[in-house]
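Novice: Here you go, one structure.
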There are 2 protein chains.
Amino acid sequence: MAAKRSGAQSKRSQRIGGSLQSAQEPHSEQPLSLERIVATAVELLDGQGVDGLKMRQLADRLGSGAMSLYWHVDNKEAVFDLALDSVLEYRGPPQTVESQDWRGEVVHMLEDWRASMLRHPWSASLLPRRRLGPNILSRLELLSNTLTRGGVADADLNVAIWSLWNYVMGATITRANFNLSDDDMAAAQQRLTRLSERYPTIERTRLLLDNDWDGAFRKGLDSLLDGLSPR
Amino acid sequence: MAAKRSGAQSKRSQRIGGSLQSAQEPHSEQPLSLERIVATAVELLDGQGVDGLKMRQLADRLGSGAMSLYWHVDNKEAVFDLALDSVLEYRGPPQTVESQDWRGEVVHMLEDWRASMLRHPWSASLLPRRRLGPNILSRLELLSNTLTRGGVADADLNVAIWSLWNYVMGATITRANFNLSDDDMAAAQQRLTRLSERYPTIERTRLLLDNDWDGAFRKGLDSLLDGLSPR
DNA sequence: ACCTGAACACCGTTCAAGT
DNA sequence: ACCTGAACACCGTTCAAGT
């Protein structure tokens, strides 16, 4: 495992007269480091999606030879794991007083989790396929904690957590992969009406055209929490 | 979208009329056909996972040259779409009388859906990423239908359906990707206890070691349905 | 310790061509 | 209509080697 590099060294302290390097590559000549690799991988993933991440391109963007990455990282899988975990960091609830509103806290935590993943649409699909990293474990720990404080018995805790996990993951994966450009919307609409005699109900309620994702997420979450709440 | 009339398919002649011989052979030297390609792709995917499907190997297994597939199919993506849809067929509830028990029917439909996907562990992760095919649309239609019969108002229907979708997808994707060999179990246990001071709660309830997947799925689903049920 | 180019073993797909 | 091999444009990774 690579020792930590003090990343902020030489290049940072220079800060030469601000106008010249307004050319697009502000970070081209630093040494490689795990941090830079991960950050750049996230950039690339955000821009090109999971299939768009290429080791050569990643190295290129970092200004290094293609194979230099392999000294810092075992393989591409490791890059995925690191990028994924880096995106799942939780900063905690807005610092108010230690609140009594456990349900509100749960909602906040889950909405923040979903929002973090939606900011990096490749992340949600990746999460269930990889080993759980420290950041997601922290989120689960905090969630368990809050539920316990809310009165959920230990015997019901795992079911509650997995239910919430399932709901959040399903919602986020689905939403992240549903790219509704105007064209897609139009196409879906057209297709649906064309098939209205095969699928009358979902056509009537416009299931596939409903695009209030945030509202639907929140409402469904409320229902689930209703069902899970100790009475 | 439901009826996939891709370019590849339209390239095929219809070849419907009574031909000289109804092909009867097992599957060693038959001509290629979309059906055989899809069936074999499913076999391969079951055995090797999503990343294990190679066009060359697929052709090989079908006893044809590597490039012959491309006359029947546009590209690899199309193979995925077809394999996925083929796995999602629904045969309907066990033929009893038209029941009054709408909730029981919903549970049956969702458990069958989950079971179908778990029989082909690659399928769940694929489903949210691809265009919805006819078989999954049929399942959604039937679900909508049943919920409506159960008294869910049109205004609440989409939220209910997406909530159930989210839950089922999240649960199935997670379960399908959680391969708990004895080794993995042991490793997880070890890791968790080693980290027990960082994650005390999930360690205490053995969140990651809980392996009653079916039971947890059912219990969580019940909670969700409790929350969604009209009162 | 850190980085590198050349090279290998793939894999999806295009193409021109066969029947 | 249906199938094929050769070839192209990749891409992850190994290796032997540089500093």
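In the structure tokens, chains take letters A, B, ... by order of appearance, with residues numbered from 1 within each chain and ligands from 1 in the order shown.
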Pairing every Cα of chain A with chain B in order, what RMSD remains after the least-squares superposition?
Specialist: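 After superposition, the RMSD is 6.2 Å.
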Novice: Output as a list in words the set of chain D residues within 10 Å of chain A, with distances taken over only C-alpha atoms (C1' of nucleotides).
Specialist: DC11, DG12 and DT13 of chain D
Novice: Atoms to include: all heavy atoms. Write the selected residues as a compact mmCIF listing (two decimals), in the first residue's frame.
Specialist:
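The new file result04.txt reads:
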```txt
# COMPACT_ATOMS: atom_id res chain seq x y z
P DC D 11 -10.72 2.32 -25.83
OP1 DC D 11 -11.97 3.05 -25.66
OP2 DC D 11 -9.44 3.03 -25.89
O5' DC D 11 -10.57 1.22 -24.71
C5' DC D 11 -11.07 -0.08 -24.89
C4' DC D 11 -10.57 -1.01 -23.81
O4' DC D 11 -9.76 -2.01 -24.45
C3' DC D 11 -9.71 -0.37 -22.73
O3' DC D 11 -10.11 -0.89 -21.49
C2' DC D 11 -8.30 -0.77 -23.10
C1' DC D 11 -8.51 -2.11 -23.81
N1 DC D 11 -7.47 -2.40 -24.84
C2 DC D 11 -6.98 -3.71 -24.95
O2 DC D 11 -7.42 -4.58 -24.21
N3 DC D 11 -6.03 -3.96 -25.88
C4 DC D 11 -5.57 -2.98 -26.66
N4 DC D 11 -4.64 -3.26 -27.57
C5 DC D 11 -6.07 -1.64 -26.56
C6 DC D 11 -7.02 -1.39 -25.64
P DG D 12 -9.58 -0.25 -20.12
OP1 DG D 12 -10.76 0.11 -19.31
OP2 DG D 12 -8.55 0.77 -20.41
O5' DG D 12 -8.87 -1.51 -19.46
C5' DG D 12 -9.69 -2.59 -19.05
C4' DG D 12 -8.81 -3.78 -18.68
O4' DG D 12 -7.99 -4.13 -19.81
C3' DG D 12 -7.84 -3.51 -17.53
O3' DG D 12 -7.88 -4.63 -16.66
C2' DG D 12 -6.49 -3.32 -18.22
C1' DG D 12 -6.63 -4.18 -19.46
N9 DG D 12 -5.86 -3.69 -20.61
C8 DG D 12 -5.89 -2.43 -21.13
N7 DG D 12 -5.11 -2.27 -22.17
C5 DG D 12 -4.53 -3.51 -22.35
C6 DG D 12 -3.60 -3.95 -23.33
O6 DG D 12 -3.08 -3.30 -24.25
N1 DG D 12 -3.27 -5.29 -23.16
C2 DG D 12 -3.79 -6.10 -22.18
N2 DG D 12 -3.35 -7.36 -22.18
N3 DG D 12 -4.67 -5.71 -21.25
C4 DG D 12 -4.99 -4.40 -21.40
P DT D 13 -7.15 -4.61 -15.28
OP1 DT D 13 -7.80 -5.56 -14.37
OP2 DT D 13 -6.97 -3.20 -14.89
O5' DT D 13 -5.75 -5.23 -15.69
C5' DT D 13 -5.75 -6.48 -16.35
C4' DT D 13 -4.35 -6.84 -16.81
O4' DT D 13 -3.98 -6.07 -17.97
C3' DT D 13 -3.26 -6.58 -15.76
O3' DT D 13 -2.58 -7.81 -15.56
C2' DT D 13 -2.37 -5.53 -16.42
C1' DT D 13 -2.61 -5.83 -17.91
N1 DT D 13 -2.28 -4.73 -18.85
C2 DT D 13 -1.42 -4.98 -19.89
O2 DT D 13 -0.90 -6.07 -20.07
N3 DT D 13 -1.19 -3.92 -20.72
C4 DT D 13 -1.73 -2.64 -20.61
O4 DT D 13 -1.44 -1.76 -21.42
C5 DT D 13 -2.61 -2.44 -19.50
C7 DT D 13 -3.26 -1.11 -19.28
C6 DT D 13 -2.86 -3.48 -18.68
```
Novice: Compute the set of chain B residues within 8 Å of chain A, using only C-alpha atoms, and express it as a VMD selection string.
Specialist: chain B and resid 1 to 2 125 128 to 129 137 to 138 140 to 141 144 to 145 154 157 to 160 162 to 163 165 to 171 173 to 174 177 to 178 199 to 202 205 207 210 216 to 217 219 to 228
Novice: Mind pulling up the distance from atom CA of Leu118 of chain A to atom CA of Leu45 of chain B?
Specialist: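 Value for the atom CA of Leu45 of chain B-atom CA of Leu118 of chain A distance: 28.6 Å.
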Novice: Tell me which of A:Arg91, A:Arg61, A:Arg231, A:His72 sits closest to Ser33 of chain A, counting only C-alpha atoms.
Specialist: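 Checking each of A:Arg91, A:Arg61, A:Arg231, A:His72 against Ser33 of chain A, counting only C-alpha atoms, the winner is A:His72.
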Novice: Run DSSP on the backbone and tell me which residues of segment 11-224 of chain B come out as helix (DSSP H, G or I); list them as a PyMOL selection string.
Specialist: chain B and resi 11+34-48+50-52+55-61+66-72+76-87+102-118+122-129+134-149+154-177+182-194+200-204+207-209+213-224
Novice: Calculated over only C-alpha atoms (C1' of nucleotides), which of the candidates A:Gly47, A:Gly65, A:Pro31, A:Gly133 has the smallest distance to DT4 of chain C?
Specialist: A:Gly65
